Amino acid sequence: MNQALKNNETTRQIMVCCGTGCIANGSRDVYQALCHELANHDGIDVQPVMKATGCNGWCEKGPLVKIMPDDITYCGVKVKDAAEIVDKTLVGGELIKRLLVRDPVTKSYLKSHHDTPFYSKQHKVALRNIGEIDPASIKDYIDRDGYQALIKVLQNMSPGQVIDEVIQSGLRGRGGGGFPTGVKWKSCADTNACPRYIICNGDEGDPGAFMDRSIMEGDPHTVIEGMIICAYGVQASKGFIYVRDEYDLAVIHLSRAVEDARDGGFLGKNILGSGLEFDIELVRGGGAFVCGEETALMASIEGNLGEPRDKYVFPTEKGLWGKPTVINNVETWANVPVILGKGAQDFASVGTAGSKGTKVFSLVGKVVNTGLVEVPMGTSLREIIYDIGGGVLDGRSFKAVQTGGPSGGCIPGSMLNLEVDFDSLTRAGSMMGSGGLIVMDDHTCMVEVARYYVNFLAGESCGKCTPCREGIRALLDILTRICNGDGQIEDLDLMEQIGETMQEASLCALGRTAPNPVLSTMRYFRDEYEAHILDKHCPAGVCPALTEFYIDADICKGCGSCARNCPVDAVSGKKKEPHVIDNSKCIRCGECYRHCKFQAVRIR
Amino acid sequence: MEIKIDGKEVEVCPGETILEVCRRENIPIPTLCYHEAFGGQGACRMCMVEVKEGDCTRMVASCTYPIHQEIEVITMSEKINRVRSTLAMLQYRRAPNSEYIRQLYDTYHVEPMPLALVDPMEKCILCRLCVNACEQMGRNAIAMVRRGIDKKVSTPFDEAADDCIGCMACVQVCPTGAIQVMEEAGKRVIWNKSFDLITCDRCGKPFATRDEIAYMEKKTNLYEYEHLCERCRPKAMAKKMEALNRDNS
């Protein structure tokens, strides 16, 4: 092995993951430390190329350091490991076992991240470059065939052919609605009005979702290339990237990428000598969730209040400033260069009959491998959560997975074999949304989950139309009273009635999908609602008003874990003797319940 | 072009909204946020109707749906009634202090309100007509502020707005009487701002704010010697006409 490592020394690259998750874990310091060690080490003849890359997706294990072409991946790297990595691996050619990932089953050490179940089951299309390139370098992007699709399009294809190719690929909008992208482009190209606009929707706001963030931070040029290809297809002259201002790294990388693309002749007048004129402007959003809705987003770009309008006339006909506008989500744009580069057939060879290609999911919640995954459409929830995600945290049992963010629904364990695509999720009463997957274990109260999401929407709805604003308020009040033990059984019918009106009458998709968390939990977890209302009991032990904890003296070993974790000293007992909870002091936080290894803490 | 509304053939101009056509044809559709002067807003959703476009039927807001193809409109069905009745309930829950909304609730419901009222004193249903009126006046003194369930109509930072001229255009379009105005001792207080009232040069009645008159004169470039109230103005005009006629004959 020593020899193999040394032979590759001349072309070596060290890639430090500098996605937001890894940065939070100190990856920038690791990067600096590695640079410092390399510069000061006597044994290095040829300096390796250092790269700060975008998010590799496996945020749980960060900061990640990859050494190429040796294909070594180190996880959880700290500043103090830098010297050892340079000394042992780069100079000595040894692997540092401590920093390698271990196979969850065989416990063997895995040299490359490609060998881990987390990565081996993934299929990267939209995320193809992320983690492999320095997002601040246009050269890195071009080295990995970046802008080749654009060159091919400009030299060999007519605008109509570009649109046909996208239609044939079967690409559907990745922002949530799943509208066929090519059809959207065609209806814009078929209008007579000028100028035409192109918008990239980077206003990702679902709690726990970071797919678009990762693409904008880690591979901004692919978004830009996708937009330029569309601009050629629909003959648009101006593009906007609407990005959340909170995504500061995305704003920095996108601004830099737009400038570099302009300098490289990919943007501006007469792009690559083809006569195409197109430029992109960055618009920073103020952080309103509803501005992810396309008509609200356009209102925001126009400088108006971020409120949606009825879409009986599509934006492709009357969009930004009343002109034909194509608006797609970040992930959709990231797929476009691949479709034009490799051809529609190649793209459509992956996926299901109705949903082609892959989908990026952000896998979060009570799951072992938190992170970003990209899988072919039609992959089952079980594969995503168990094979890639490594199962539920702390060996607990799986209860539900929330898909599609606050507008999505909760899917129960009995449906884990559901093959995920746009249509299957809608049939299950949820939606694809932008791709958030929040895994919940058996310590989750589904009524409280519904209340949480409705509460989120109560603050994030724009409040323009009555069904959404007042419907959400009514649902929130009803759910709160159920969680407080004041619910009545008629409340369930009332919530269904209000939910139906919201779905039928709301102005935009936010309002129409807002009752989904409530309706889907009522559909799959009705027994929990009934337990709250009829038995005045929260089965998961979450709702304080409906929960009382006690310790089963026969099971308790007296380990004291409950007493140590109790924030109000409500648990008492001698060592190795059964403990007791003083319910007059207990605040029902559930810490004792979660920490007991013997399941001696019970819910009454 | 022709469309079908409740089975009846109706002639329409392309681009007209369903609501405009229904109003012309005397087909009743309830609305709260619609005013001919401002067009459809699609906010209250009381005007939802069912539209059959080819094979698919969906619910649309009749005030914002422009007719561009031969469609079939259904203005009354069990589903529409269900939606409107839920909306009436939600509106009443929000603004129970408005007699207008109370009546709306009673037309759809016999049973008592199943939910606690949000604020028993509230009258505003957030129909936004006042904001539209202010914008049309060219003042933009009030606007929709905040988001979600905290949305309300207000002046910037809830303070007395520089742009407000106390013209009461907002009060006049408000369907629920939700905007508070106080008039006493030659002053009008509205939107946290106090205005001096000008009295009618003939009858002495206080009738408009000084700011309002100044804005009107500046906008029309007509400066009048006499400031007359809405009752004395027509009388004065009539006298003038009478004099003119007499001179002519």
# chains A, B, ... in the order shown; residues from 1 in each chain; ligands from 1
call {"tool": "residues_around", "arguments": {"residues": "Ala37 of chain B", "least_positions_apart": "2", "cutoff": "10 Å", "atoms": "only C-alpha atoms", "output": "PyMOL selection string"}}
result
chain B and resi 34-35+39-40+129+132-133+136
call {"tool": "closest_atom_pairs", "arguments": {"of": "chain B", "to": "chain A", "cutoff": "8 Å", "atoms": "only C-alpha atoms", "output": "Markdown table"}}
result
| residue | atom | partner | partner_atom | distance |
| --- | --- | --- | --- | --- |
| B:Gly42 | CA | A:Asp310 | CA | 6.9 |
| B:Ala43 | CA | A:Cys465 | CA | 4.2 |
| B:Cys44 | CA | A:Thr466 | CA | 5.2 |
| B:Arg45 | CA | A:Ala505 | CA | 6.3 |
| B:Met48 | CA | A:Ala505 | CA | 6.9 |
| B:Met59 | CA | A:Glu504 | CA | 6.5 |
| B:Val60 | CA | A:Ala505 | CA | 7.4 |
| B:Ala61 | CA | A:Ala505 | CA | 7.8 |
| B:Thr64 | CA | A:Asp310 | CA | 6.8 |
| B:Tyr65 | CA | A:Tyr312 | CA | 6.0 |
| B:Pro66 | CA | A:Tyr312 | CA | 7.4 |
| B:Arg82 | CA | A:Thr501 | CA | 7.7 |
| B:Val83 | CA | A:Thr501 | CA | 5.2 |
| B:Thr86 | CA | A:Ile498 | CA | 6.6 |
| B:Leu87 | CA | A:Pro467 | CA | 6.5 |
| B:Leu90 | CA | A:Glu470 | CA | 5.9 |
| B:Gln91 | CA | A:Glu470 | CA | 7.4 |
| B:Arg94 | CA | A:Glu470 | CA | 7.4 |
| B:Leu115 | CA | A:Ala474 | CA | 7.8 |
| B:Leu126 | CA | A:Lys464 | CA | 7.9 |
| B:Arg147 | CA | A:Cys462 | CA | 4.9 |
| B:Gly148 | CA | A:Gly463 | CA | 4.2 |
| B:Ile149 | CA | A:Ala458 | CA | 5.6 |
| B:Asp150 | CA | A:Gly459 | CA | 7.5 |
| B:Lys151 | CA | A:Gly463 | CA | 5.8 |
call {"tool": "select_by_dssp", "arguments": {"residues": "segment 15-222 of chain B", "states": "alpha helix (DSSP H)", "output": "PyMOL selection string"}}
result
chain B and resi 18-24+78-94+99-108+129-136+169-173+210-220
call {"tool": "residues_around", "arguments": {"residues": "Glu11 of chain B", "least_positions_apart": "6", "cutoff": "9 Å", "atoms": "only C-alpha atoms", "output": "PyMOL selection string"}}
result
chain B and resi 1-4+21
call {"tool": "atom_distance", "arguments": {"atom1": "atom CA of Val49 of chain A", "atom2": "atom CA of Asp134 of chain A"}}
result
10.9 Å
call {"tool": "residues_around", "arguments": {"residues": "segment 51-55 of chain A", "least_positions_apart": "6", "cutoff": "9 Å", "atoms": "only C-alpha atoms", "output": "compact mmCIF listing (two decimals) with C-alpha atoms, in the first residue's frame"}}
result
# COMPACT_ATOMS: atom_id res chain seq x y z
CA GLN A 13 -5.61 16.46 -4.10
CA ILE A 14 -6.79 16.96 -0.57
CA MET A 15 -10.41 17.93 -0.36
CA VAL A 16 -11.79 19.29 2.86
CA CYS A 17 -15.57 19.45 3.06
CA CYS A 18 -16.53 23.06 3.66
CA GLY A 19 -20.29 22.70 3.49
CA THR A 20 -22.22 24.58 6.13
CA GLY A 21 -22.54 21.50 8.36
CA CYS A 22 -18.82 20.77 8.32
CA SER A 27 -13.69 22.25 8.90
CA ARG A 28 -12.25 25.64 7.94
CA TYR A 31 -8.31 23.17 6.16
CA ASN A 129 -19.83 17.79 -8.62
CA ILE A 130 -20.49 18.69 -5.03
CA GLY A 131 -17.68 17.62 -2.79
CA GLU A 132 -15.44 17.09 -5.81
CA ILE A 133 -14.79 20.68 -6.83
CA ASP A 134 -13.94 23.98 -5.25
CA PRO A 135 -17.17 25.94 -5.71
CA ALA A 136 -15.24 29.19 -5.98
CA SER A 214 -25.97 22.53 -0.77
CA ILE A 215 -26.18 22.90 -4.55
CA GLU A 217 -22.99 26.52 -2.08
CA GLY A 218 -21.22 23.54 -3.58
CA ASP A 219 -21.79 23.80 -7.33
CA LEU A 372 -27.97 14.81 2.07
call {"tool": "residues_around", "arguments": {"residues": "Gly166 of chain B", "least_positions_apart": "6", "cutoff": "10 Å", "atoms": "only C-alpha atoms", "output": "list in words"}}
result
Ala141, Val181, Arg188, Val189, Ile190, Trp191, Lys193, Ser194, Phe195, Asp196, Leu197, Ala208, Thr209, Arg210, Asp211 and Glu212 of chain B
call {"tool": "select_by_dssp", "arguments": {"residues": "segment 407-584 of chain A", "states": "strand (DSSP E or B)", "output": "number ranges by chain"}}
result
A: 409-412, 419, 436-441, 549-551, 571-572, 580-581
call {"tool": "residues_around", "arguments": {"residues": "Ile27 of chain B", "least_positions_apart": "4", "cutoff": "12 Å", "atoms": "only C-alpha atoms", "output": "list in words"}}
result
Ile5, Asp6, Lys8, Val10, Ile18, Leu19, Glu20, Val21, Cys22, Arg23, Cys47, Val49, Ser62, Val73, Ile74, Thr75 and Met76 of chain B
call {"tool": "residues_around", "arguments": {"residues": "segment 298-300 of chain A", "least_positions_apart": "5", "cutoff": "10 Å", "atoms": "only C-alpha atoms", "output": "PyMOL selection string"}}
result
chain A and resi 199+201+240+242+283-286+288+291-293+305-309+315+319-322+325+327
call {"tool": "write_last_selection", "arguments": {"atoms": "N, CA, C and O atoms", "output": "compact mmCIF listing (two decimals), in the first residue's frame"}}
result
# COMPACT_ATOMS: atom_id res chain seq x y z
N ILE A 199 -36.09 32.55 -13.86
CA ILE A 199 -35.84 32.70 -12.43
C ILE A 199 -35.40 31.37 -11.84
O ILE A 199 -35.94 30.31 -12.18
N ASN A 201 -35.41 29.59 -8.34
CA ASN A 201 -36.02 29.70 -7.02
C ASN A 201 -35.11 29.05 -5.98
O ASN A 201 -35.05 27.84 -5.85
N PHE A 240 -32.85 35.79 -13.00
CA PHE A 240 -32.70 36.17 -11.60
C PHE A 240 -32.51 34.91 -10.76
O PHE A 240 -33.18 33.90 -10.99
N TYR A 242 -33.08 33.96 -7.02
CA TYR A 242 -33.65 34.46 -5.78
C TYR A 242 -33.18 33.55 -4.66
O TYR A 242 -33.57 32.38 -4.59
N VAL A 283 -30.86 38.11 -6.47
CA VAL A 283 -31.78 38.84 -5.60
C VAL A 283 -31.81 38.13 -4.26
O VAL A 283 -32.00 36.91 -4.20
N ARG A 284 -31.59 38.88 -3.21
CA ARG A 284 -31.56 38.25 -1.89
C ARG A 284 -32.91 38.40 -1.20
O ARG A 284 -33.42 39.50 -1.03
N GLY A 285 -33.50 37.25 -0.84
CA GLY A 285 -34.83 37.26 -0.22
C GLY A 285 -34.74 37.64 1.24
O GLY A 285 -33.72 37.48 1.89
N GLY A 286 -35.86 38.11 1.76
CA GLY A 286 -35.88 38.55 3.14
C GLY A 286 -36.20 37.46 4.15
O GLY A 286 -36.33 37.72 5.33
N ALA A 288 -38.91 35.20 4.01
CA ALA A 288 -40.31 34.78 4.18
C ALA A 288 -40.51 33.44 3.50
O ALA A 288 -40.20 33.29 2.33
N CYS A 291 -42.34 33.23 0.17
CA CYS A 291 -41.69 33.69 -1.06
C CYS A 291 -41.11 32.55 -1.88
O CYS A 291 -40.63 32.76 -2.98
N GLY A 292 -41.14 31.33 -1.35
CA GLY A 292 -40.79 30.17 -2.16
C GLY A 292 -41.89 29.84 -3.15
O GLY A 292 -41.69 29.13 -4.12
N GLU A 293 -43.10 30.35 -2.90
CA GLU A 293 -44.21 30.19 -3.83
C GLU A 293 -43.92 31.13 -5.00
O GLU A 293 -43.62 32.30 -4.80
N LEU A 305 -44.98 43.44 -1.86
CA LEU A 305 -45.18 42.54 -0.74
C LEU A 305 -45.15 41.10 -1.25
O LEU A 305 -45.74 40.80 -2.28
N GLY A 306 -44.46 40.22 -0.55
CA GLY A 306 -44.35 38.83 -0.99
C GLY A 306 -45.63 38.05 -0.78
O GLY A 306 -45.72 37.23 0.12
N GLU A 307 -46.62 38.35 -1.60
CA GLU A 307 -47.90 37.65 -1.50
C GLU A 307 -48.21 36.99 -2.83
O GLU A 307 -47.99 37.59 -3.88
N PRO A 308 -48.74 35.76 -2.79
CA PRO A 308 -49.06 35.09 -4.05
C PRO A 308 -50.30 35.70 -4.71
O PRO A 308 -51.03 36.46 -4.08
N ARG A 309 -50.50 35.33 -5.96
CA ARG A 309 -51.74 35.70 -6.65
C ARG A 309 -52.27 34.42 -7.31
O ARG A 309 -51.55 33.43 -7.43
N PRO A 315 -47.26 31.81 -14.94
CA PRO A 315 -46.13 32.73 -15.09
C PRO A 315 -45.46 32.64 -16.46
O PRO A 315 -44.88 33.60 -16.94
N GLY A 319 -45.70 36.55 -16.07
CA GLY A 319 -44.94 36.31 -14.85
C GLY A 319 -44.38 37.59 -14.30
O GLY A 319 -45.11 38.54 -14.01
N LEU A 320 -43.06 37.64 -14.24
CA LEU A 320 -42.38 38.80 -13.70
C LEU A 320 -42.71 40.04 -14.54
O LEU A 320 -42.54 40.03 -15.76
N TRP A 321 -43.16 41.08 -13.90
CA TRP A 321 -43.59 42.32 -14.57
C TRP A 321 -44.55 42.04 -15.73
O TRP A 321 -44.52 42.73 -16.76
N GLY A 322 -45.36 40.99 -15.56
CA GLY A 322 -46.36 40.65 -16.57
C GLY A 322 -45.80 40.03 -17.83
O GLY A 322 -46.52 39.87 -18.83
N THR A 325 -42.33 34.16 -18.10
CA THR A 325 -41.25 33.85 -17.16
C THR A 325 -41.19 32.35 -16.90
O THR A 325 -42.21 31.72 -16.65
N ILE A 327 -39.82 29.79 -14.25
CA ILE A 327 -39.27 29.74 -12.91
C ILE A 327 -39.12 28.29 -12.49
O ILE A 327 -40.06 27.51 -12.58
call {"tool": "closest_residue", "arguments": {"among": "A:Ile339, A:Val601, A:Met50, A:Ala82", "to": "Phe549 of chain A", "atoms": "only C-alpha atoms"}}
result
A:Val601
call {"tool": "closest_residue", "arguments": {"among": "A:Cys556, A:Cys543, A:Ile581, A:Leu100", "to": "Val65 of chain A", "atoms": "only C-alpha atoms"}}
result
A:Leu100
call {"tool": "decode", "arguments": {"residues": "segment 254-292 of chain A", "atoms": "C-alpha atoms", "output": "short mmCIF file (atom, residue, chain, number, x, y, z; two decimals), in the first residue's frame"}}
result
data_model
loop_
_atom_site.label_atom_id
_atom_site.label_comp_id
_atom_site.auth_asym_id
_atom_site.auth_seq_id
_atom_site.Cartn_x
_atom_site.Cartn_y
_atom_site.Cartn_z
CA LEU A 254 -23.24 32.41 -6.43
CA SER A 255 -22.07 36.04 -6.73
CA ARG A 256 -18.55 34.86 -7.46
CA ALA A 257 -19.79 32.28 -9.96
CA VAL A 258 -21.92 34.82 -11.84
CA GLU A 259 -18.92 37.15 -12.10
CA ASP A 260 -16.62 34.36 -13.23
CA ALA A 261 -19.16 33.16 -15.78
CA ARG A 262 -19.43 36.70 -17.10
CA ASP A 263 -15.63 37.00 -17.34
CA GLY A 264 -15.51 33.62 -19.06
CA GLY A 265 -17.95 34.73 -21.75
CA PHE A 266 -20.76 32.46 -20.57
CA LEU A 267 -22.93 35.41 -19.58
CA GLY A 268 -23.43 38.81 -21.14
CA LYS A 269 -23.73 39.87 -24.77
CA ASN A 270 -22.94 37.39 -27.54
CA ILE A 271 -22.38 34.34 -25.30
CA LEU A 272 -19.56 32.17 -26.70
CA GLY A 273 -19.96 33.94 -30.02
CA SER A 274 -23.46 32.56 -30.56
CA GLY A 275 -25.25 35.90 -30.50
CA LEU A 276 -27.21 34.89 -27.39
CA GLU A 277 -27.55 37.71 -24.89
CA PHE A 278 -28.32 36.74 -21.31
CA ASP A 279 -27.28 37.91 -17.89
CA ILE A 280 -28.09 36.92 -14.34
CA GLU A 281 -28.82 39.07 -11.32
CA LEU A 282 -28.80 37.85 -7.74
CA VAL A 283 -31.78 38.84 -5.60
CA ARG A 284 -31.56 38.25 -1.89
CA GLY A 285 -34.83 37.26 -0.22
CA GLY A 286 -35.88 38.55 3.14
CA GLY A 287 -36.55 35.12 4.61
CA ALA A 288 -40.31 34.78 4.18
CA PHE A 289 -41.25 31.13 3.71
CA VAL A 290 -44.12 32.07 1.41
CA CYS A 291 -41.69 33.69 -1.06
CA GLY A 292 -40.79 30.17 -2.16
#
